[in-house]
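With PDB, C-alpha atoms inside, this is upload15.pdb:
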```pdb
MODEL        1
ATOM      1  CA  MET K 746     150.600 129.812 160.932
ATOM      2  CA  PRO K 747     151.771 130.145 157.334
ATOM      3  CA  GLY K 748     151.255 133.583 155.885
ATOM      4  CA  PRO K 749     150.347 134.293 152.248
ATOM      5  CA  LEU K 750     152.813 135.544 149.694
ATOM      6  CA  ALA K 751     150.456 137.798 147.751
ATOM      7  CA  TYR K 752     151.569 139.503 144.557
ATOM      8  CA  LEU K 753     149.778 141.805 142.122
ATOM      9  CA  LEU K 754     146.229 141.335 143.391
ATOM     10  CA  GLN K 755     143.807 141.913 140.553
ATOM     11  CA  ALA K 756     140.342 140.716 139.618
ATOM     12  CA  GLY K 757     140.421 138.116 136.862
ATOM     13  CA  ALA K 758     143.845 136.817 137.858
ATOM     14  CA  THR K 759     144.861 133.284 138.744
ATOM     15  CA  LEU K 760     145.057 132.354 142.426
ATOM     16  CA  VAL K 761     147.579 129.598 143.161
ATOM     17  CA  LEU K 762     147.129 127.930 146.565
ATOM     18  CA  ASP K 763     150.405 126.084 146.967
ATOM     19  CA  ALA K 764     150.061 123.209 149.436
ATOM     20  CA  SER K 765     152.929 121.158 147.985
ATOM     21  CA  SER K 766     155.900 120.122 150.077
ATOM     22  CA  THR K 767     158.392 121.453 147.501
ATOM     23  CA  PRO K 768     159.868 124.931 148.171
ATOM     24  CA  ARG K 769     159.045 127.280 145.330
ATOM     25  CA  PRO K 770     160.016 130.837 144.385
ATOM     26  CA  PRO K 771     157.297 133.486 144.673
ATOM     27  CA  CYS K 772     154.814 133.504 141.825
ATOM     28  CA  GLU K 773     155.151 136.328 139.325
ATOM     29  CA  SER K 774     153.057 137.753 136.532
ATOM     30  CA  ASN K 775     153.335 135.881 133.259
ATOM     31  CA  GLY K 776     152.596 138.148 130.328
ATOM     32  CA  ASN K 777     149.106 139.578 130.828
ATOM     33  CA  GLU K 778     148.093 136.951 133.361
ATOM     34  CA  VAL K 779     148.530 137.962 136.976
ATOM     35  CA  VAL K 780     149.295 135.134 139.385
ATOM     36  CA  VAL K 781     148.715 135.361 143.135
ATOM     37  CA  CYS K 782     150.404 132.844 145.409
ATOM     38  CA  ALA K 783     149.649 131.684 148.921
ATOM     39  CA  ARG K 784     151.822 129.159 150.721
ATOM     40  CA  SER K 785     150.358 126.646 153.139
ATOM     41  CA  ASP K 786     150.918 123.190 154.608
ATOM     42  CA  ARG K 787     149.931 119.866 153.117
ATOM     43  CA  PRO K 788     147.436 118.355 152.687
ATOM     44  CA  THR K 789     145.160 121.388 152.886
ATOM     45  CA  THR K 790     145.430 125.104 152.205
ATOM     46  CA  ILE K 791     144.914 127.251 155.292
ATOM     47  CA  LEU K 792     145.212 131.035 155.091
ATOM     48  CA  PRO K 793     145.138 133.730 157.773
ATOM     49  CA  PHE K 794     142.351 136.326 157.797
ATOM     50  CA  SER K 795     141.081 139.003 160.130
ATOM     51  CA  ILE K 796     137.841 140.708 161.090
ATOM     52  CA  GLY K 797     138.847 144.008 162.643
ATOM     53  CA  SER K 798     141.428 143.143 165.302
ATOM     54  CA  VAL K 799     140.354 139.496 165.557
ATOM     55  CA  ARG K 800     142.593 137.080 163.671
ATOM     56  CA  GLY K 801     141.610 133.655 162.424
ATOM     57  CA  THR K 802     142.410 130.987 159.856
ATOM     58  CA  VAL K 803     140.346 129.803 156.912
ATOM     59  CA  LEU K 804     140.595 126.472 155.107
ATOM     60  CA  VAL K 805     140.166 126.862 151.332
ATOM     61  CA  GLU K 806     138.648 123.706 149.819
ATOM     62  CA  PRO K 807     138.202 122.955 146.091
ATOM     63  CA  SER K 808     134.487 122.430 146.751
ATOM     64  CA  GLY K 809     134.120 124.776 149.704
ATOM     65  CA  PRO K 810     131.228 127.270 149.902
ATOM     66  CA  ARG K 811     131.197 130.809 148.536
ATOM     67  CA  TYR K 812     130.637 132.149 152.067
ATOM     68  CA  LEU K 813     132.819 131.533 155.160
ATOM     69  CA  SER K 814     131.400 128.614 157.140
ATOM     70  CA  CYS K 815     132.786 129.129 160.646
ATOM     71  CA  ASN K 816     133.090 127.241 163.905
ATOM     72  CA  PRO K 817     130.847 128.579 166.682
ATOM     73  CA  ASP K 818     133.801 129.105 169.060
ATOM     74  CA  PHE K 819     135.436 131.490 166.562
ATOM     75  CA  ILE K 820     132.169 133.408 166.199
ATOM     76  CA  ALA K 821     132.032 133.760 169.982
ATOM     77  CA  ARG K 822     135.699 134.837 170.160
ATOM     78  CA  ALA K 823     135.103 137.450 167.473
ATOM     79  CA  GLY K 824     132.034 138.776 169.306
ATOM     80  CA  ILE K 825     129.783 138.338 166.256
ATOM     81  CA  ALA K 826     126.047 138.267 166.920
ATOM     82  CA  SER K 827     123.153 137.872 164.498
ATOM     83  CA  GLU K 828     119.445 137.105 164.699
ATOM     84  CA  ASP K 829     119.354 136.358 160.961
ATOM     85  CA  ARG K 830     118.540 132.637 160.874
ATOM     86  CA  VAL K 831     119.261 130.808 157.625
ATOM     87  CA  PRO K 832     119.121 127.182 156.408
ATOM     88  CA  ILE K 833     122.729 126.147 155.783
ATOM     89  CA  GLY K 834     122.064 122.775 154.191
ATOM     90  CA  MET K 835     120.680 119.261 154.358
ATOM     91  CA  VAL K 836     122.924 116.274 155.126
ATOM     92  CA  GLY K 837     120.625 113.336 154.507
ATOM     93  CA  PRO K 838     117.737 113.871 156.938
ATOM     94  CA  VAL K 839     119.748 116.316 159.081
ATOM     95  CA  GLU K 840     118.820 119.941 158.475
ATOM     96  CA  VAL K 841     121.566 122.382 159.469
ATOM     97  CA  VAL K 842     120.104 125.763 160.451
ATOM     98  CA  GLY K 843     122.288 128.578 161.713
ATOM     99  CA  ASN K 844     122.970 132.294 161.572
ATOM    100  CA  ARG K 845     124.613 134.609 159.083
ATOM    101  CA  ALA K 846     126.218 138.034 159.111
ATOM    102  CA  GLU K 847     128.021 140.208 156.559
ATOM    103  CA  LEU K 848     131.216 141.830 157.797
ATOM    104  CA  PRO K 849     134.446 143.285 156.343
ATOM    105  CA  VAL K 850     136.938 140.411 156.166
ATOM    106  CA  ARG K 851     140.617 140.888 155.289
ATOM    107  CA  ILE K 852     142.203 137.973 153.454
ATOM    108  CA  LEU K 853     145.057 137.841 150.914
ATOM    109  CA  ASP K 854     145.855 141.489 151.645
ATOM    110  CA  THR K 855     142.395 142.605 150.498
ATOM    111  CA  GLU K 856     139.409 143.599 152.617
ATOM    112  CA  ASP K 857     135.900 142.905 151.307
ATOM    113  CA  LYS K 858     132.492 142.472 152.867
ATOM    114  CA  ARG K 859     131.859 138.738 153.107
ATOM    115  CA  GLN K 860     129.078 136.579 154.433
ATOM    116  CA  LEU K 861     129.783 134.356 157.448
ATOM    117  CA  ARG K 862     127.510 131.467 158.410
ATOM    118  CA  TRP K 863     127.617 129.312 161.528
ATOM    119  CA  SER K 864     125.593 126.782 163.510
ATOM    120  CA  GLU K 865     126.168 124.452 166.460
ATOM    121  CA  TYR K 866     128.286 122.200 164.197
ATOM    122  CA  ARG K 867     132.050 122.597 163.592
ATOM    123  CA  PRO K 868     132.760 122.616 159.819
ATOM    124  CA  ALA K 869     136.550 123.045 160.255
ATOM    125  CA  THR K 870     138.910 120.946 162.377
ATOM    126  CA  ARG K 871     142.271 122.556 161.536
ATOM    127  CA  ALA K 872     141.018 126.117 161.015
ATOM    128  CA  ASP K 873     138.351 128.538 162.209
ATOM    129  CA  CYS K 874     136.339 128.671 158.964
ATOM    130  CA  VAL K 875     135.986 126.957 155.589
ATOM    131  CA  THR K 876     135.472 128.585 152.199
ATOM    132  CA  GLY K 877     135.921 127.816 148.504
ATOM    133  CA  PRO K 878     137.137 129.257 145.181
ATOM    134  CA  ARG K 879     133.944 131.214 144.536
ATOM    135  CA  ALA K 880     134.711 133.365 147.573
ATOM    136  CA  PHE K 881     137.564 134.995 145.613
ATOM    137  CA  ASP K 882     137.440 137.281 142.595
ATOM    138  CA  TYR K 883     139.786 135.275 140.372
ATOM    139  CA  ARG K 884     139.306 133.755 136.955
ATOM    140  CA  MET K 885     141.142 130.606 137.925
ATOM    141  CA  VAL K 886     142.056 128.924 141.220
ATOM    142  CA  VAL K 887     144.840 126.316 141.319
ATOM    143  CA  PHE K 888     145.455 123.937 144.223
ATOM    144  CA  GLN K 889     149.109 122.919 143.863
ATOM    145  CA  LEU K 890     149.449 119.528 145.598
ATOM    146  CA  GLY K 891     152.893 118.327 144.522
ATOM    147  CA  ARG K 892     155.809 118.524 142.112
ATOM    148  CA  ASP K 893     154.945 118.191 138.427
ATOM    149  CA  ARG K 894     155.896 114.885 136.809
ATOM    150  CA  ALA K 895     156.620 113.827 133.249
ATOM    151  CA  ASP K 896     153.996 111.072 133.437
ATOM    152  CA  ALA K 897     151.250 113.341 134.801
ATOM    153  CA  VAL K 898     148.185 113.709 132.582
ATOM    154  CA  ASP K 899     145.314 116.197 132.634
ATOM    155  CA  THR K 900     141.698 115.125 133.057
ATOM    156  CA  VAL K 901     139.160 117.872 132.345
ATOM    157  CA  LEU K 902     135.711 117.627 133.928
ATOM    158  CA  ARG K 903     132.825 120.017 133.386
ATOM    159  CA  PHE K 904     131.016 121.657 136.281
ATOM    160  CA  ASP K 905     127.718 119.841 136.733
ATOM    161  CA  GLY K 906     125.575 122.885 135.992
ATOM    162  CA  ARG K 907     123.842 123.395 139.313
ATOM    163  CA  ASP K 908     123.671 126.933 140.679
ATOM    164  CA  SER K 909     125.449 126.346 143.958
ATOM    165  CA  SER K 910     127.924 128.155 146.156
ATOM    166  CA  ARG K 911     130.018 124.954 146.063
ATOM    167  CA  ILE K 912     131.701 123.525 142.977
ATOM    168  CA  TYR K 913     130.593 120.132 141.696
ATOM    169  CA  ALA K 914     132.033 118.395 138.639
ATOM    170  CA  THR K 915     130.409 115.745 136.441
ATOM    171  CA  LEU K 916     132.251 112.399 136.501
ATOM    172  CA  PRO K 917     131.432 109.904 133.706
ATOM    173  CA  VAL K 918     130.981 106.348 135.031
ATOM    174  CA  GLY K 919     130.233 104.109 132.089
ATOM    175  CA  LYS K 920     127.274 105.794 130.375
ATOM    176  CA  ALA K 921     126.136 107.367 133.635
ATOM    177  CA  LYS K 922     127.119 110.741 135.068
ATOM    178  CA  LEU K 923     127.950 111.212 138.742
ATOM    179  CA  PRO K 924     128.141 114.626 140.491
ATOM    180  CA  MET K 925     131.445 114.894 142.356
ATOM    181  CA  ARG K 926     133.074 117.320 144.760
ATOM    182  CA  ILE K 927     136.643 117.314 146.140
ATOM    183  CA  GLU K 928     137.333 118.060 149.805
ATOM    184  CA  LEU K 929     140.944 117.629 150.896
ATOM    185  CA  ALA K 930     140.218 118.018 154.626
ATOM    186  CA  TYR K 931     138.694 114.532 154.583
ATOM    187  CA  ALA K 932     140.863 111.451 154.072
ATOM    188  CA  GLY K 933     138.326 109.095 152.546
ATOM    189  CA  SER K 934     135.881 109.169 149.650
ATOM    190  CA  VAL K 935     132.138 108.727 150.216
ATOM    191  CA  LEU K 936     129.119 107.882 148.047
ATOM    192  CA  THR K 937     125.461 108.418 148.792
ATOM    193  CA  ALA K 938     123.337 105.254 148.622
ATOM    194  CA  PRO K 939     121.705 106.178 145.262
ATOM    195  CA  ALA K 940     125.168 106.843 143.801
ATOM    196  CA  ALA K 941     126.340 103.411 144.965
ATOM    197  CA  ARG K 942     123.265 101.795 143.420
ATOM    198  CA  MET K 943     123.978 103.614 140.164
ATOM    199  CA  ILE K 944     127.602 102.456 139.838
ATOM    200  CA  ALA K 945     127.059  98.930 141.240
ATOM    201  CA  PRO K 946     125.938  97.321 137.953
ATOM    202  CA  ILE K 947     128.760  99.106 136.125
ATOM    203  CA  LEU K 948     131.699  98.378 138.434
ATOM    204  CA  GLY K 949     130.473  95.547 140.675
ATOM    205  CA  ALA K 950     130.208  96.291 144.386
ATOM    206  CA  SER K 951     130.265  94.636 147.784
ATOM    207  CA  VAL K 952     129.042  96.269 151.001
ATOM    208  CA  THR K 953     131.205  94.988 153.848
ATOM    209  CA  GLY K 954     131.893  95.560 157.523
ATOM    210  CA  PRO K 955     129.773  97.075 160.287
ATOM    211  CA  ALA K 956     128.127 100.478 160.179
ATOM    212  CA  ARG K 957     130.123 103.385 161.594
ATOM    213  CA  GLU K 958     129.773 107.152 161.876
ATOM    214  CA  GLU K 959     131.731 109.361 159.460
ATOM    215  CA  ASP K 960     131.985 113.136 159.126
ATOM    216  CA  ILE K 961     130.260 114.003 155.849
ATOM    217  CA  ILE K 962     130.265 117.807 155.688
ATOM    218  CA  ASP K 963     130.058 120.808 158.027
ATOM    219  CA  GLY K 964     130.778 118.583 161.038
ATOM    220  CA  VAL K 965     127.652 116.436 160.497
ATOM    221  CA  THR K 966     128.266 112.691 160.891
ATOM    222  CA  ARG K 967     126.182 109.992 159.203
ATOM    223  CA  PRO K 968     126.239 106.162 159.267
ATOM    224  CA  VAL K 969     128.362 104.539 156.562
ATOM    225  CA  ARG K 970     129.685 101.111 155.584
ATOM    226  CA  THR K 971     132.581 100.103 153.354
ATOM    227  CA  LEU K 972     131.916  99.649 149.632
ATOM    228  CA  GLU K 973     134.466  97.499 147.786
ATOM    229  CA  LEU K 974     134.487  97.689 143.999
ATOM    230  CA  ARG K 975     135.427  94.845 141.668
ATOM    231  CA  GLN K 976     136.561  97.460 139.145
ATOM    232  CA  PRO K 977     137.892 100.647 140.725
ATOM    233  CA  LEU K 978     136.045 103.917 140.320
ATOM    234  CA  ARG K 979     138.249 106.057 138.092
ATOM    235  CA  VAL K 980     138.612 109.805 138.377
ATOM    236  CA  GLY K 981     140.899 110.326 135.391
ATOM    237  CA  PRO K 982     144.040 108.280 136.128
ATOM    238  CA  VAL K 983     143.103 108.007 139.819
ATOM    239  CA  ALA K 984     141.694 104.598 140.784
ATOM    240  CA  ILE K 985     139.511 104.314 143.903
ATOM    241  CA  PRO K 986     138.888 100.639 144.791
ATOM    242  CA  THR K 987     137.236 101.227 148.182
ATOM    243  CA  LEU K 988     134.885 103.934 149.426
ATOM    244  CA  SER K 989     132.403 104.558 152.186
ATOM    245  CA  VAL K 990     128.708 104.469 151.363
ATOM    246  CA  ARG K 991     126.082 106.463 153.270
ATOM    247  CA  ILE K 992     123.713 103.599 154.017
ATOM    248  CA  ASP K 993     120.818 105.594 155.466
ATOM    249  CA  ASP K 994     120.702 108.758 153.338
ATOM    250  CA  TYR K 995     118.379 109.055 150.321
ATOM    251  CA  GLY K 996     117.743 105.308 150.563
ATOM    252  CA  ARG K 997     117.652 102.661 153.269
ATOM    253  CA  ALA K 998     120.450 100.242 154.170
ATOM    254  CA  ASP K 999     118.338  97.302 153.002
ATOM    255  CA  GLN K1000     118.493  98.731 149.504
ATOM    256  CA  LEU K1001     122.255  98.145 149.539
ATOM    257  CA  ARG K1002     122.722  94.541 150.576
ATOM    258  CA  THR K1003     125.366  91.937 149.825
ATOM    259  CA  LEU K1004     124.100  88.761 148.232
ATOM    260  CA  ALA K1005     123.860  85.541 150.213
ATOM    261  CA  PRO K1006     126.355  82.782 149.238
ATOM    262  CA  ASP K1007     123.783  80.902 147.140
ATOM    263  CA  GLU K1008     123.008  84.114 145.222
ATOM    264  CA  ARG K1009     126.599  84.776 144.180
ATOM    265  CA  SER K1010     127.825  84.392 140.639
ATOM    266  CA  ASP K1011     129.992  81.510 139.494
ATOM    267  CA  GLU K1012     133.071  83.662 140.045
ATOM    268  CA  GLY K1013     132.061  84.277 143.676
ATOM    269  CA  ASP K1014     131.607  88.006 143.200
ATOM    270  CA  ILE K1015     129.398  89.854 145.642
ATOM    271  CA  VAL K1016     127.365  92.602 144.051
ATOM    272  CA  VAL K1017     124.870  95.153 145.238
ATOM    273  CA  ARG K1018     121.238  94.258 144.574
ATOM    274  CA  THR K1019     119.490  97.348 143.227
ATOM    275  CA  LYS K1020     115.933  98.495 143.935
ATOM    276  CA  ALA K1021     113.789 101.338 142.694
ATOM    277  CA  GLU K1022     114.803 104.715 144.055
ATOM    278  CA  ALA K1023     112.545 107.080 145.901
ATOM    279  CA  PRO K1024     111.876 110.492 144.313
ATOM    280  CA  GLY K1025     114.463 113.079 145.275
ATOM    281  CA  ALA K1026     117.302 110.580 145.539
ATOM    282  CA  VAL K1027     120.664 112.388 145.623
ATOM    283  CA  ARG K1028     123.585 110.863 143.746
ATOM    284  CA  LEU K1029     126.864 112.333 144.967
ATOM    285  CA  LEU K1030     130.544 111.404 145.299
ATOM    286  CA  ARG K1031     132.871 113.165 147.726
ATOM    287  CA  VAL K1032     136.538 112.588 146.827
ATOM    288  CA  GLY K1033     139.001 112.909 149.719
ATOM    289  CA  ARG K1034     142.726 113.586 149.951
ATOM    290  CA  ASP K1035     143.778 109.905 149.969
ATOM    291  CA  ALA K1036     142.527 109.534 146.403
ATOM    292  CA  MET K1037     144.275 112.764 145.394
ATOM    293  CA  ALA K1038     147.609 111.798 147.014
ATOM    294  CA  GLY K1039     149.304 111.156 143.661
ATOM    295  CA  CYS K1040     147.985 114.284 141.974
ATOM    296  CA  VAL K1041     149.993 117.352 141.021
ATOM    297  CA  SER K1042     147.230 119.962 140.977
ATOM    298  CA  ILE K1043     143.528 120.749 140.837
ATOM    299  CA  THR K1044     142.669 123.691 138.555
ATOM    300  CA  LEU K1045     139.251 125.320 138.670
ATOM    301  CA  ASP K1046     138.456 127.626 135.763
ATOM    302  CA  LEU K1047     135.496 129.647 136.995
ATOM    303  CA  ARG K1048     134.835 131.230 133.601
ATOM    304  CA  LYS K1049     135.002 128.099 131.485
ATOM    305  CA  ARG K1050     133.400 126.095 134.349
ATOM    306  CA  THR K1051     135.925 123.270 134.203
ATOM    307  CA  MET K1052     137.871 121.268 136.778
ATOM    308  CA  THR K1053     141.256 119.951 135.576
ATOM    309  CA  LEU K1054     142.946 117.214 137.578
ATOM    310  CA  ARG K1055     146.653 116.761 136.843
ATOM    311  CA  CYS K1056     147.660 113.361 138.219
TER     312      CYS K1056
ENDMDL
END
```
Render the structure in this file as C-alpha cells.
Amino acid sequence: MPGPLAYLLQAGATLVLDASSTPRPPCESNGNEVVVCARSDRPTTILPFSIGSVRGTVLVEPSGPRYLSCNPDFIARAGIASEDRVPIGMVGPVEVVGNRAELPVRILDTEDKRQLRWSEYRPATRADCVTGPRAFDYRMVVFQLGRDRADAVDTVLRFDGRDSSRIYATLPVGKAKLPMRIELAYAGSVLTAPAARMIAPILGASVTGPAREEDIIDGVTRPVRTLELRQPLRVGPVAIPTLSVRIDDYGRADQLRTLAPDERSDEGDIVVRTKAEAPGAVRLLRVGRDAMAGCVSITLDLRKRTMTLRC
C-alpha cells in the first residue's frame, strides 16, 4: 500500500494528492505556502490511516464526505461499537441509516478525533473507508491526475452553495445550472431523472437500452438506463456524449421516454419528452473517472469555494 510523503504539515496549507502515473520529486514549500504531498495509485487516491493499532486505508474523493464512511467489515475488524444511530443519506427512495463514533484517527502523520459512520452497505471497494477534502484542515486540496500539458485549460466552477459535508459545484448547461460532484472511484457519469429532463431540451437526448443496476453512492445500487446526447454535455473542455440516467429516482421511468418513430423530427432525432416534475425533485450530475481521463488536475479551494478543472 502506498505510503504518504508528508512534508511541513500546517493548517491552511495546500494538500496535493498525487495520483498521476508520472514520478515526481517530493513537494516542498513555495514561499509562504506550505505544500503537503501524498503519493497514490491511479485512478484514485488511497492513503493509509490507523486507529490505535488497527491499520486501514481511506479513499479520498473530490466529493467525498467530511467524515470517514467505512465498510462494516473494517468496523468489525477494528472492534468499534456504537449505539448512536444516525441517518447517513437518501439515495432515491433508499434511506441509509447506520451508526457513528468519534475516535482518534492518524492520517498524514497527524492524529485528530474524527467521526466514522457505517451501515450495512460498503461505500468503498478498493479501501476500508471513504472521505473528502473537508476532512482535512487545508486551504486547498489538489488531485493531481496526470502530467501538465501546454494545451490544458482551466475551468473554474463555483461551489453550489449548499451546506453539505460533500462538495458540489455548479455546472452551467445553457441557461440552466446543474449541481455536480466528482467521484473518481466510479467509471461512469450519472444523472438523476430530473437532471436529464432539464438538459434534454438543451442538448437533445435519447434513452436507450434495457434497465440495469448501477452503484450510485455508498454501495447503494439503483436502476439506470443509457442516455445518449445529440450535443455532448460539457464540463469545461471535457465532452460527455453518453451517461447513465437514474430512471426511477425523483421521477418515474415513464417521464423519460424515447419518442415513437412517427413522433421523431425530420432529422430522425430521438429526444426526451418532458413532463411536470414532482415537488422535491433532485437535479444532480455525478462525473466519473472516464470523463476525467484527459484532465491534469482537480483543485478545490475551500476558502474561495471554487473547483478548478485543468483539462
- [ ] Within 9 Å of Ser909 in chain K, counting all atoms listed in the file, which residues show up once you throw out same-chain ones fewer than 3 positions away? Write them as a list of chain:residue names, please.
- [x] K:Pro810, K:Arg811, K:Gly906, K:Ile912, K:Tyr913
Neighbour list for Arg903 in chain K as a short mmCIF file (atom, residue, chain, number, x, y, z; two decimals) with C-alpha atoms, in the coordinates of the input, cut-off 12 Å, only C-alpha atoms, skip fewer than 4 positions in-chain:
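Resulting contents of selection04.cif:
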```
data_model
loop_
_atom_site.label_atom_id
_atom_site.label_comp_id
_atom_site.auth_asym_id
_atom_site.auth_seq_id
_atom_site.Cartn_x
_atom_site.Cartn_y
_atom_site.Cartn_z
CA ARG K 907 123.84 123.40 139.31
CA ILE K 912 131.70 123.52 142.98
CA TYR K 913 130.59 120.13 141.70
CA ALA K 914 132.03 118.40 138.64
CA THR K 915 130.41 115.74 136.44
CA LEU K 916 132.25 112.40 136.50
CA PRO K 917 131.43 109.90 133.71
CA LYS K 922 127.12 110.74 135.07
CA LEU K 923 127.95 111.21 138.74
CA PRO K 924 128.14 114.63 140.49
CA MET K 925 131.44 114.89 142.36
CA ARG K 926 133.07 117.32 144.76
CA THR K 1044 142.67 123.69 138.56
CA LEU K 1045 139.25 125.32 138.67
CA ASP K 1046 138.46 127.63 135.76
CA LEU K 1047 135.50 129.65 137.00
CA ARG K 1048 134.84 131.23 133.60
CA LYS K 1049 135.00 128.10 131.49
CA ARG K 1050 133.40 126.10 134.35
CA THR K 1051 135.93 123.27 134.20
CA MET K 1052 137.87 121.27 136.78
CA THR K 1053 141.26 119.95 135.58
CA LEU K 1054 142.95 117.21 137.58
#
```
Open item on the list: Please compute the CA of Pro817 in chain K-CA of Trp863 in chain K distance, one decimal, in Å.
Closed with: 6.1 Å
Open item on the list: Applying 8 Å and all atoms listed in the file, which residues near range 812-814 of chain K remain after dropping the ones on its own chain fewer than 5 positions away? List them as a list in words.
Closed with: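 Those residues are Val803, Arg859, Gln860, Leu861, Arg862, Trp863, Pro868, Cys874, Val875, Thr876, Gly877, Ala880, Ser910 and Asp963 of chain K.
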- [ ] Apply the PyMOL selection byres ((chain K and resi 949) around 7) to the structure shown and report the selected residues as a PyMOL selection string.
- [x] chain K and resi 945-948+950+974-976+1016
Task: Closest of K:Met1037, K:Ile796, K:Val761, K:Ala895 to Ser934 in chain K - atom-to-atom distances counting only C-alpha atoms - done: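 Among the listed residues, K:Met1037 lies closest to Ser934 in chain K.
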Task: Minimum-distance residue to Leu760 in chain K, chosen among K:Tyr931, K:Phe794, K:Tyr866, K:Phe888 (using all atoms listed in the file) - done: K:Phe888
TODO: Would you kindly translate the PyMOL selection byres ((chain K and resi 873) around 7) into the concrete residues it picks from this file, as an MDAnalysis selection string?
DONE: chainID K and resid 801:803 815:816 819 869 872 874
Output, as JSON, the centre and edge lengths in Å (one decimal) of the axis-aligned box that contains all listed atoms of range 969-978 of chain K with 3 Å of margin on each side.
```
{"center_x": 133.1, "center_y": 99.7, "center_z": 147.9, "size_x": 15.5, "size_y": 15.7, "size_z": 23.4}
```
Open item on the list: Going by the chain IDs and residue numbers used in this file, which residues fall under the PyMOL selection byres ((chain K and resi 938) around 6)? Write them as a ChimeraX atom specification.
Closed with: /K:937,939-941,991-992,996
Taking C-alpha atoms for each residue, export the selection above as an mmCIF file, in the frame of the given file.
```cif
data_model
loop_
_atom_site.group_PDB
_atom_site.id
_atom_site.type_symbol
_atom_site.label_atom_id
_atom_site.label_comp_id
_atom_site.auth_asym_id
_atom_site.auth_seq_id
_atom_site.Cartn_x
_atom_site.Cartn_y
_atom_site.Cartn_z
ATOM 1 C CA THR K 937 125.461 108.418 148.792
ATOM 2 C CA PRO K 939 121.705 106.178 145.262
ATOM 3 C CA ALA K 940 125.168 106.843 143.801
ATOM 4 C CA ALA K 941 126.340 103.411 144.965
ATOM 5 C CA ARG K 991 126.082 106.463 153.270
ATOM 6 C CA ILE K 992 123.713 103.599 154.017
ATOM 7 C CA GLY K 996 117.743 105.308 150.563
#
```
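Computed from the coordinates, the CA of Pro977 in chain K to CA of Ala932 in chain K distance equals 17.4 Å.
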Open item on the list: For a test of reading the model, state the distance in Å between CA of Ile820 in chain K and CA of Thr855 in chain K, rounded to one decimal.
Closed with: 20.9 Å
TODO: Would you kindly return, as number ranges by chain, each protein, DNA or RNA residue with an atom no farther than 10 Å from any atom of Ala826 in chain K, considering all atoms listed in the file and excluding same-chain residues fewer than 5 positions away?
DONE: K: 820-821, 844-846
